[in-house]
Amino acid sequence: MENFIYVDNAATTSVSKEALNAMLPFFEQNFGNPSSIYPLGQTANKALNDARETVASCLGAKASEIFFTSCGSESNNWAIKGIAHKMLKKGKNHIITTVFEHHAVLHTVKALENEGFSVTYLEVHEDGIVRLDELESAITEKTALVTIMYANNEIGTIQPIKEIGEICRKHNVLFHTDAVQAAGKVEINVYKQNIDLLSLSAHKFHGPKGVGALYIKNGISIEPLIEGGAQEKNRRAGTENVAGIIGLSVALKDACDNMEERNKKLIAMRDKLINNLLTIKCSRLNGHPTKRLPDNVNMCFEGIEGEGLLLLLSAKGVYASSGSACTSGSLDPSHVLLAIGLSHEVAHGSLRISLSDENTDKDIDYILEVLPPIIDRLRSMSPIWENK
Ligand SMILES: *Cc1c(COP(=O)(O)O)cnc(C)c1O
């Protein structure tokens, strides 16, 4: 038994036994380079192709549309820069995104802005959802790409992806979605949802770190991000991370095959946490109450600092997060919480609990037992909290 409760699965997840066991032979006896023509290489190549089929089938795509990368950040960089640079040659220099994307998207579009692209940042309103009429009116004849995340990594809100895809199709604009938090947790069908490019990352669904994928719809031309050998049909150079790719495919298939049953359990745990934590005075739930990931709880408690809360929770063996793992260590509150209209002061008191199917009802009861006294203690020490 572990002596801690891990509820930071939006930051990363443990590697499942199934994924690990499937990977091990590709570090040991099957270590060949998939580009080599002798049997050792061909064993690796066959496994690579099988993994591609598996990933494609989980997304409703074709194997020829799946490209493996080194992480979700690389997939996002490649999709956005690769399309933007290609479309610039057709005179299109405008990109539409939202204010609350992951930094792997926001910093990428910022880099393009510095190159001279113009970028529209859609608001996400207080429920954390984009408005379709605002998207449609932002599209111009210069628009090269719309990139909107499937589900937010901090507040878990899920966007109307199919409707966004329909609008993009109607206006003949390409649509990329960062589905790193959604893959394996919500049903994805790239054709039915009119998605042209989609990013995912293995370590967010019990696969290994350092491997991701980008779906690119057949017929779309995109510039490579990594130049070199002819791997991935000349589109992404570098010897494939065979073991990692196998781990990704096994973990994704497992997540997709068991999605319904796991989500039922996750939603029950999530809503038990939310409903009980909302009874704490001056607390609020961030993001839409139902259009959110089954594993995501994000709350603010007025009068406290998220960092202090995390330290005291950690001392009780509960590992959670305050805002995004990438922003902790910075003094600015999360851009996501500011985007849904919270004041700096309230945003500082945020807590993200992200569950996985490894969590149990006992974990939830334990969190509900230790958390309220910690909040009372922090409030009693706070200079800004006047006993409300
Ligand atoms: C984690 C995450 C990423 C980055 O994925 P890496 O594989 O860690 O590079 C991108 N987007 C979202 C929404 C994420 O949650």
# chains A, B, ... in the order shown; residues from 1 in each chain; ligands from 1

call {"tool": "residues_around", "arguments": {"residues": "Asn9 (chain A)", "least_positions_apart": "4", "cutoff": "12 Å", "atoms": "only C-alpha atoms", "output": "ChimeraX atom specification"}}
result
/A:5,13-15,153-154,156,181,185,203-207,293-297,319-321,324-325,352-359

call {"tool": "select_by_dssp", "arguments": {"residues": "region 89-233 of chain A", "states": "strand (DSSP E)", "output": "PyMOL selection string"}}
result
chain A and resi 94-98+118-122+143-147+174-178+197-201+212-216

call {"tool": "residues_around", "arguments": {"residues": "Tyr366 (chain A)", "least_positions_apart": "4", "cutoff": "12 Å", "atoms": "only C-alpha atoms", "output": "MDAnalysis selection string"}}
result
chainID A and resid 4:5 273 313 316:318 359:362 370:372

call {"tool": "closest_atom_pairs", "arguments": {"of": "chain A", "to": "ligand 1", "cutoff": "8 Å", "atoms": "only C-alpha atoms and all ligand atoms", "output": "tab-separated table"}}
result
residue	atom	partner	partner_atom_place_in_ligand_line	distance
A:Ala10	CA	ligand 1	15 (O)	6.2
A:Ala11	CA	ligand 1	1 (C)	6.2
A:Thr12	CA	ligand 1	1 (C)	7.3
A:Ser70	CA	ligand 1	7 (O)	7.4
A:Cys71	CA	ligand 1	7 (O)	3.8
A:Gly72	CA	ligand 1	5 (O)	3.6
A:Ser73	CA	ligand 1	9 (O)	3.7
A:Glu74	CA	ligand 1	9 (O)	6.5
A:Asn76	CA	ligand 1	10 (C)	7.3
A:Glu101	CA	ligand 1	13 (C)	7.1
A:His102	CA	ligand 1	11 (N)	5.1
A:His103	CA	ligand 1	10 (C)	7.4
A:Ala104	CA	ligand 1	10 (C)	5.7
A:Val105	CA	ligand 1	11 (N)	7.5
A:Met149	CA	ligand 1	13 (C)	6.7
A:Tyr150	CA	ligand 1	13 (C)	7.9
A:Ala151	CA	ligand 1	13 (C)	6.8
A:Asn152	CA	ligand 1	13 (C)	5.8
A:Asn153	CA	ligand 1	15 (O)	4.6
A:Glu154	CA	ligand 1	15 (O)	8.0
A:Asp178	CA	ligand 1	11 (N)	5.9
A:Ala179	CA	ligand 1	13 (C)	6.5
A:Val180	CA	ligand 1	12 (C)	4.8
A:Gln181	CA	ligand 1	15 (O)	5.0
A:Leu200	CA	ligand 1	5 (O)	7.4
A:Ser201	CA	ligand 1	7 (O)	4.7
A:Ala202	CA	ligand 1	7 (O)	7.0
A:His203	CA	ligand 1	7 (O)	6.6
A:Lys204	CA	ligand 1	1 (C)	6.7
A:Lys209	CA	ligand 1	7 (O)	6.7
A:Gly210	CA	ligand 1	7 (O)	6.2
A:Val211	CA	ligand 1	7 (O)	6.7
A:Gly212	CA	ligand 1	7 (O)	6.3

call {"tool": "write_last_selection", "arguments": {"atoms": "N, CA, C and O atoms", "output": "compact mmCIF listing (two decimals), in the first residue's frame"}}
result
# COMPACT_ATOMS: atom_id res chain seq x y z
N ALA A 10 -3.96 15.18 -13.73
CA ALA A 10 -3.88 16.08 -14.88
C ALA A 10 -2.43 16.51 -15.12
O ALA A 10 -2.09 16.97 -16.21
N ALA A 11 -1.58 16.37 -14.10
CA ALA A 11 -0.16 16.68 -14.28
C ALA A 11 0.55 15.52 -14.94
O ALA A 11 1.30 15.69 -15.90
N THR A 12 0.32 14.33 -14.41
CA THR A 12 0.79 13.10 -15.05
C THR A 12 0.12 11.93 -14.34
O THR A 12 -0.46 12.11 -13.27
N SER A 70 7.22 13.30 -29.69
CA SER A 70 7.87 13.10 -28.40
C SER A 70 7.02 13.55 -27.21
O SER A 70 7.40 13.29 -26.07
N CYS A 71 5.94 14.26 -27.45
CA CYS A 71 5.08 14.70 -26.33
C CYS A 71 3.90 15.53 -26.88
O CYS A 71 3.87 15.88 -28.06
N GLY A 72 3.00 15.87 -25.98
CA GLY A 72 1.87 16.73 -26.36
C GLY A 72 2.34 18.10 -26.81
O GLY A 72 1.79 18.68 -27.75
N SER A 73 3.35 18.63 -26.16
CA SER A 73 3.86 19.95 -26.54
C SER A 73 4.40 19.94 -27.97
O SER A 73 4.15 20.88 -28.74
N GLU A 74 5.12 18.87 -28.33
CA GLU A 74 5.61 18.81 -29.71
C GLU A 74 4.45 18.71 -30.70
O GLU A 74 4.45 19.39 -31.75
N ASN A 76 1.45 19.91 -30.42
CA ASN A 76 0.84 21.23 -30.55
C ASN A 76 1.72 22.18 -31.37
O ASN A 76 1.22 22.89 -32.25
N GLU A 101 -5.79 28.45 -23.34
CA GLU A 101 -5.10 27.24 -23.81
C GLU A 101 -3.92 26.89 -22.89
O GLU A 101 -3.42 27.73 -22.14
N HIS A 102 -3.44 25.67 -23.03
CA HIS A 102 -2.17 25.27 -22.39
C HIS A 102 -1.04 26.12 -22.97
O HIS A 102 -1.12 26.55 -24.12
N HIS A 103 0.02 26.32 -22.20
CA HIS A 103 1.12 27.14 -22.70
C HIS A 103 1.78 26.57 -23.97
O HIS A 103 2.37 27.32 -24.75
N ALA A 104 1.66 25.27 -24.17
CA ALA A 104 2.23 24.69 -25.39
C ALA A 104 1.51 25.22 -26.64
O ALA A 104 2.07 25.21 -27.74
N VAL A 105 0.30 25.70 -26.47
CA VAL A 105 -0.41 26.37 -27.57
C VAL A 105 -0.21 27.89 -27.49
O VAL A 105 0.16 28.53 -28.47
N MET A 149 -8.66 24.04 -27.48
CA MET A 149 -8.44 22.81 -26.71
C MET A 149 -9.74 22.05 -26.49
O MET A 149 -10.80 22.64 -26.33
N TYR A 150 -9.64 20.73 -26.48
CA TYR A 150 -10.81 19.88 -26.28
C TYR A 150 -11.30 20.02 -24.85
O TYR A 150 -12.48 20.31 -24.62
N ALA A 151 -10.39 19.81 -23.90
CA ALA A 151 -10.75 19.93 -22.48
C ALA A 151 -9.62 20.66 -21.78
O ALA A 151 -8.45 20.40 -22.05
N ASN A 152 -9.99 21.56 -20.87
CA ASN A 152 -8.97 22.37 -20.21
C ASN A 152 -8.27 21.59 -19.11
O ASN A 152 -8.91 20.86 -18.35
N ASN A 153 -6.95 21.78 -19.01
CA ASN A 153 -6.16 21.01 -18.05
C ASN A 153 -6.32 21.50 -16.61
O ASN A 153 -6.03 20.77 -15.68
N GLU A 154 -6.79 22.72 -16.41
CA GLU A 154 -6.95 23.20 -15.04
C GLU A 154 -8.38 23.05 -14.54
O GLU A 154 -8.61 22.52 -13.47
N ASP A 178 -6.16 20.60 -29.13
CA ASP A 178 -5.27 20.01 -28.13
C ASP A 178 -6.14 19.11 -27.27
O ASP A 178 -6.87 19.58 -26.40
N ALA A 179 -6.08 17.81 -27.55
CA ALA A 179 -6.94 16.85 -26.84
C ALA A 179 -6.14 16.08 -25.79
O ALA A 179 -6.51 14.97 -25.42
N VAL A 180 -5.06 16.70 -25.31
CA VAL A 180 -4.19 15.99 -24.36
C VAL A 180 -4.95 15.57 -23.10
O VAL A 180 -4.75 14.48 -22.58
N GLN A 181 -5.86 16.43 -22.62
CA GLN A 181 -6.63 16.05 -21.42
C GLN A 181 -7.86 15.22 -21.76
O GLN A 181 -8.43 14.59 -20.88
N LEU A 200 -2.34 14.45 -28.77
CA LEU A 200 -2.51 13.73 -27.51
C LEU A 200 -1.14 13.34 -26.95
O LEU A 200 -0.13 13.42 -27.64
N SER A 201 -1.13 12.94 -25.67
CA SER A 201 0.11 12.64 -24.97
C SER A 201 -0.09 11.45 -24.05
O SER A 201 -1.04 11.44 -23.26
N ALA A 202 0.80 10.44 -24.13
CA ALA A 202 0.58 9.18 -23.42
C ALA A 202 0.54 9.31 -21.90
O ALA A 202 -0.23 8.61 -21.24
N HIS A 203 1.35 10.20 -21.35
CA HIS A 203 1.47 10.21 -19.87
C HIS A 203 0.26 10.79 -19.16
O HIS A 203 0.21 10.78 -17.93
N LYS A 204 -0.73 11.28 -19.92
CA LYS A 204 -1.95 11.76 -19.29
C LYS A 204 -3.01 10.66 -19.20
O LYS A 204 -4.06 10.87 -18.62
N LYS A 209 5.83 8.83 -20.11
CA LYS A 209 6.16 10.21 -20.47
C LYS A 209 7.05 10.23 -21.71
O LYS A 209 7.75 9.26 -22.00
N GLY A 210 7.02 11.35 -22.42
CA GLY A 210 7.94 11.51 -23.55
C GLY A 210 7.47 10.85 -24.83
O GLY A 210 8.28 10.55 -25.70
N VAL A 211 6.16 10.66 -24.99
CA VAL A 211 5.64 10.16 -26.27
C VAL A 211 4.22 10.70 -26.48
O VAL A 211 3.42 10.73 -25.55
N GLY A 212 3.99 11.18 -27.69
CA GLY A 212 2.68 11.72 -28.03
C GLY A 212 2.32 11.35 -29.45
O GLY A 212 3.04 10.59 -30.12

call {"tool": "closest_atom_pairs", "arguments": {"of": "region 133-220 of chain A", "to": "region 47-56 of chain A", "cutoff": "12 Å", "atoms": "only C-alpha atoms", "output": "JSON lines"}}
result
{"residue": "A:Ala183", "atom": "CA", "partner": "A:Val55", "partner_atom": "CA", "distance": 10.4}
{"residue": "A:Gly184", "atom": "CA", "partner": "A:Val55", "partner_atom": "CA", "distance": 10.5}
{"residue": "A:Ile188", "atom": "CA", "partner": "A:Ala56", "partner_atom": "CA", "distance": 10.7}
{"residue": "A:Asn189", "atom": "CA", "partner": "A:Ala56", "partner_atom": "CA", "distance": 9.8}
{"residue": "A:Val190", "atom": "CA", "partner": "A:Ala56", "partner_atom": "CA", "distance": 9.7}
{"residue": "A:Tyr191", "atom": "CA", "partner": "A:Ala56", "partner_atom": "CA", "distance": 11.5}
{"residue": "A:Leu198", "atom": "CA", "partner": "A:Ala56", "partner_atom": "CA", "distance": 11.4}
{"residue": "A:Ser199", "atom": "CA", "partner": "A:Val55", "partner_atom": "CA", "distance": 11.9}
{"residue": "A:Leu200", "atom": "CA", "partner": "A:Val55", "partner_atom": "CA", "distance": 10.3}
{"residue": "A:Ser201", "atom": "CA", "partner": "A:Val55", "partner_atom": "CA", "distance": 11.5}
{"residue": "A:Ala202", "atom": "CA", "partner": "A:Val55", "partner_atom": "CA", "distance": 10.9}
{"residue": "A:Gly212", "atom": "CA", "partner": "A:Val55", "partner_atom": "CA", "distance": 10.8}
{"residue": "A:Ala213", "atom": "CA", "partner": "A:Val55", "partner_atom": "CA", "distance": 8.8}
{"residue": "A:Leu214", "atom": "CA", "partner": "A:Val55", "partner_atom": "CA", "distance": 10.4}
{"residue": "A:Tyr215", "atom": "CA", "partner": "A:Ala56", "partner_atom": "CA", "distance": 8.3}
{"residue": "A:Ile216", "atom": "CA", "partner": "A:Ala56", "partner_atom": "CA", "distance": 10.8}
{"residue": "A:Lys217", "atom": "CA", "partner": "A:Ala56", "partner_atom": "CA", "distance": 11.1}

call {"tool": "select_by_dssp", "arguments": {"residues": "region 298-377 of chain A", "states": "alpha helix (DSSP H)", "output": "JSON, numbers by chain"}}
result
{"A": [306, 307, 308, 309, 310, 311, 312, 313, 314, 315, 335, 336, 337, 338, 339, 344, 345, 346, 347, 361, 362, 363, 364, 365, 366, 367, 368, 369, 370, 371, 372, 373, 374, 375, 376, 377]}

call {"tool": "decode", "arguments": {"residues": "region 275-323 of chain A", "atoms": "N, CA and C atoms", "output": "mmCIF file, in the first residue's frame"}}
result
data_model
loop_
_atom_site.group_PDB
_atom_site.id
_atom_site.type_symbol
_atom_site.label_atom_id
_atom_site.label_comp_id
_atom_site.auth_asym_id
_atom_site.auth_seq_id
_atom_site.Cartn_x
_atom_site.Cartn_y
_atom_site.Cartn_z
ATOM 1 N N ASN A 275 -19.657 18.459 -4.186
ATOM 2 C CA ASN A 275 -20.832 18.795 -3.367
ATOM 3 C C ASN A 275 -20.464 19.012 -1.908
ATOM 4 N N ASN A 276 -19.524 18.239 -1.407
ATOM 5 C CA ASN A 276 -19.125 18.412 -0.012
ATOM 6 C C ASN A 276 -18.256 19.642 0.177
ATOM 7 N N LEU A 277 -17.344 19.896 -0.765
ATOM 8 C CA LEU A 277 -16.445 21.047 -0.604
ATOM 9 C C LEU A 277 -17.202 22.362 -0.769
ATOM 10 N N LEU A 278 -18.302 22.319 -1.535
ATOM 11 C CA LEU A 278 -19.091 23.547 -1.702
ATOM 12 C C LEU A 278 -19.809 23.954 -0.410
ATOM 13 N N THR A 279 -19.886 23.047 0.565
ATOM 14 C CA THR A 279 -20.516 23.420 1.843
ATOM 15 C C THR A 279 -19.550 24.241 2.705
ATOM 16 N N ILE A 280 -18.272 24.300 2.340
ATOM 17 C CA ILE A 280 -17.317 25.175 3.032
ATOM 18 C C ILE A 280 -17.668 26.608 2.641
ATOM 19 N N LYS A 281 -17.751 27.521 3.626
ATOM 20 C CA LYS A 281 -18.183 28.874 3.271
ATOM 21 C C LYS A 281 -17.135 29.581 2.404
ATOM 22 N N CYS A 282 -17.640 30.489 1.561
ATOM 23 C CA CYS A 282 -16.783 31.240 0.629
ATOM 24 C C CYS A 282 -15.937 30.304 -0.225
ATOM 25 N N SER A 283 -16.585 29.277 -0.758
ATOM 26 C CA SER A 283 -15.909 28.396 -1.710
ATOM 27 C C SER A 283 -16.651 28.493 -3.033
ATOM 28 N N ARG A 284 -15.989 28.155 -4.125
ATOM 29 C CA ARG A 284 -16.686 28.122 -5.407
ATOM 30 C C ARG A 284 -16.078 27.055 -6.302
ATOM 31 N N LEU A 285 -16.910 26.540 -7.196
ATOM 32 C CA LEU A 285 -16.438 25.585 -8.197
ATOM 33 C C LEU A 285 -16.032 26.367 -9.437
ATOM 34 N N ASN A 286 -14.867 26.094 -9.975
ATOM 35 C CA ASN A 286 -14.423 26.759 -11.196
ATOM 36 C C ASN A 286 -14.726 25.904 -12.416
ATOM 37 N N GLY A 287 -15.338 26.542 -13.423
ATOM 38 C CA GLY A 287 -15.662 25.812 -14.650
ATOM 39 C C GLY A 287 -17.082 25.277 -14.594
ATOM 40 N N HIS A 288 -17.562 24.850 -15.734
ATOM 41 C CA HIS A 288 -18.939 24.374 -15.868
ATOM 42 C C HIS A 288 -19.180 23.140 -14.984
ATOM 43 N N PRO A 289 -20.336 23.080 -14.303
ATOM 44 C CA PRO A 289 -20.562 21.952 -13.392
ATOM 45 C C PRO A 289 -20.676 20.589 -14.080
ATOM 46 N N THR A 290 -21.211 20.534 -15.291
ATOM 47 C CA THR A 290 -21.361 19.217 -15.940
ATOM 48 C C THR A 290 -20.543 19.069 -17.214
ATOM 49 N N LYS A 291 -20.336 20.165 -17.957
ATOM 50 C CA LYS A 291 -19.519 20.049 -19.173
ATOM 51 C C LYS A 291 -18.054 20.085 -18.770
ATOM 52 N N ARG A 292 -17.650 19.081 -17.976
ATOM 53 C CA ARG A 292 -16.275 19.040 -17.493
ATOM 54 C C ARG A 292 -15.792 17.599 -17.477
ATOM 55 N N LEU A 293 -14.483 17.423 -17.419
ATOM 56 C CA LEU A 293 -13.907 16.083 -17.405
ATOM 57 C C LEU A 293 -14.394 15.312 -16.181
ATOM 58 N N PRO A 294 -14.597 14.003 -16.343
ATOM 59 C CA PRO A 294 -15.102 13.203 -15.220
ATOM 60 C C PRO A 294 -14.143 13.173 -14.025
ATOM 61 N N ASP A 295 -12.880 13.523 -14.267
ATOM 62 C CA ASP A 295 -11.883 13.387 -13.192
ATOM 63 C C ASP A 295 -11.496 14.722 -12.558
ATOM 64 N N ASN A 296 -12.113 15.833 -12.997
ATOM 65 C CA ASN A 296 -11.604 17.157 -12.595
ATOM 66 C C ASN A 296 -12.460 17.868 -11.549
ATOM 67 N N VAL A 297 -11.780 18.261 -10.465
ATOM 68 C CA VAL A 297 -12.386 19.135 -9.455
ATOM 69 C C VAL A 297 -11.491 20.357 -9.371
ATOM 70 N N ASN A 298 -12.045 21.566 -9.519
ATOM 71 C CA ASN A 298 -11.235 22.773 -9.346
ATOM 72 C C ASN A 298 -12.056 23.780 -8.553
ATOM 73 N N MET A 299 -11.545 24.117 -7.365
ATOM 74 C CA MET A 299 -12.306 24.963 -6.442
ATOM 75 C C MET A 299 -11.439 26.124 -5.982
ATOM 76 N N CYS A 300 -12.091 27.214 -5.576
ATOM 77 C CA CYS A 300 -11.384 28.296 -4.893
ATOM 78 C C CYS A 300 -11.962 28.452 -3.500
ATOM 79 N N PHE A 301 -11.054 28.719 -2.561
ATOM 80 C CA PHE A 301 -11.455 28.997 -1.175
ATOM 81 C C PHE A 301 -10.913 30.371 -0.829
ATOM 82 N N GLU A 302 -11.837 31.301 -0.574
ATOM 83 C CA GLU A 302 -11.393 32.679 -0.312
ATOM 84 C C GLU A 302 -10.556 32.756 0.960
ATOM 85 N N GLY A 303 -9.602 33.675 0.944
ATOM 86 C CA GLY A 303 -8.828 33.959 2.156
ATOM 87 C C GLY A 303 -7.631 33.056 2.375
ATOM 88 N N ILE A 304 -7.333 32.176 1.419
ATOM 89 C CA ILE A 304 -6.157 31.321 1.594
ATOM 90 C C ILE A 304 -5.273 31.377 0.351
ATOM 91 N N GLU A 305 -4.051 30.867 0.492
ATOM 92 C CA GLU A 305 -3.109 30.738 -0.613
ATOM 93 C C GLU A 305 -3.059 29.273 -1.037
ATOM 94 N N GLY A 306 -3.178 29.039 -2.334
ATOM 95 C CA GLY A 306 -3.127 27.670 -2.845
ATOM 96 C C GLY A 306 -1.856 26.932 -2.453
ATOM 97 N N GLU A 307 -0.724 27.656 -2.458
ATOM 98 C CA GLU A 307 0.558 27.021 -2.124
ATOM 99 C C GLU A 307 0.559 26.453 -0.706
ATOM 100 N N GLY A 308 0.035 27.265 0.221
ATOM 101 C CA GLY A 308 -0.031 26.825 1.613
ATOM 102 C C GLY A 308 -0.927 25.600 1.746
ATOM 103 N N LEU A 309 -2.013 25.641 1.020
ATOM 104 C CA LEU A 309 -2.957 24.521 1.034
ATOM 105 C C LEU A 309 -2.284 23.230 0.536
ATOM 106 N N LEU A 310 -1.523 23.366 -0.549
ATOM 107 C CA LEU A 310 -0.842 22.189 -1.113
ATOM 108 C C LEU A 310 0.171 21.610 -0.136
ATOM 109 N N LEU A 311 0.909 22.487 0.561
ATOM 110 C CA LEU A 311 1.925 22.018 1.513
ATOM 111 C C LEU A 311 1.294 21.251 2.660
ATOM 112 N N LEU A 312 0.197 21.807 3.194
ATOM 113 C CA LEU A 312 -0.450 21.135 4.321
ATOM 114 C C LEU A 312 -1.133 19.841 3.871
ATOM 115 N N LEU A 313 -1.690 19.861 2.671
ATOM 116 C CA LEU A 313 -2.285 18.613 2.136
ATOM 117 C C LEU A 313 -1.201 17.562 1.937
ATOM 118 N N SER A 314 -0.073 18.000 1.425
ATOM 119 C CA SER A 314 1.041 17.084 1.184
ATOM 120 C C SER A 314 1.525 16.472 2.496
ATOM 121 N N ALA A 315 1.547 17.285 3.554
ATOM 122 C CA ALA A 315 1.941 16.768 4.871
ATOM 123 C C ALA A 315 0.973 15.693 5.353
ATOM 124 N N LYS A 316 -0.270 15.756 4.870
ATOM 125 C CA LYS A 316 -1.261 14.722 5.210
ATOM 126 C C LYS A 316 -1.253 13.593 4.174
ATOM 127 N N GLY A 317 -0.309 13.639 3.235
ATOM 128 C CA GLY A 317 -0.197 12.561 2.258
ATOM 129 C C GLY A 317 -1.119 12.707 1.062
ATOM 130 N N VAL A 318 -1.648 13.905 0.825
ATOM 131 C CA VAL A 318 -2.523 14.114 -0.339
ATOM 132 C C VAL A 318 -1.788 14.984 -1.351
ATOM 133 N N TYR A 319 -1.540 14.422 -2.539
ATOM 134 C CA TYR A 319 -0.774 15.140 -3.558
ATOM 135 C C TYR A 319 -1.720 15.704 -4.617
ATOM 136 N N ALA A 320 -1.916 17.023 -4.557
ATOM 137 C CA ALA A 320 -2.824 17.686 -5.488
ATOM 138 C C ALA A 320 -2.090 18.847 -6.134
ATOM 139 N N SER A 321 -2.819 19.765 -6.727
ATOM 140 C CA SER A 321 -2.195 20.855 -7.454
ATOM 141 C C SER A 321 -3.015 22.125 -7.271
ATOM 142 N N SER A 322 -2.355 23.245 -7.468
ATOM 143 C CA SER A 322 -3.060 24.514 -7.420
ATOM 144 C C SER A 322 -2.845 25.124 -8.781
ATOM 145 N N GLY A 323 -3.885 25.202 -9.599
ATOM 146 C CA GLY A 323 -3.681 25.677 -10.954
ATOM 147 C C GLY A 323 -2.824 24.688 -11.720
#
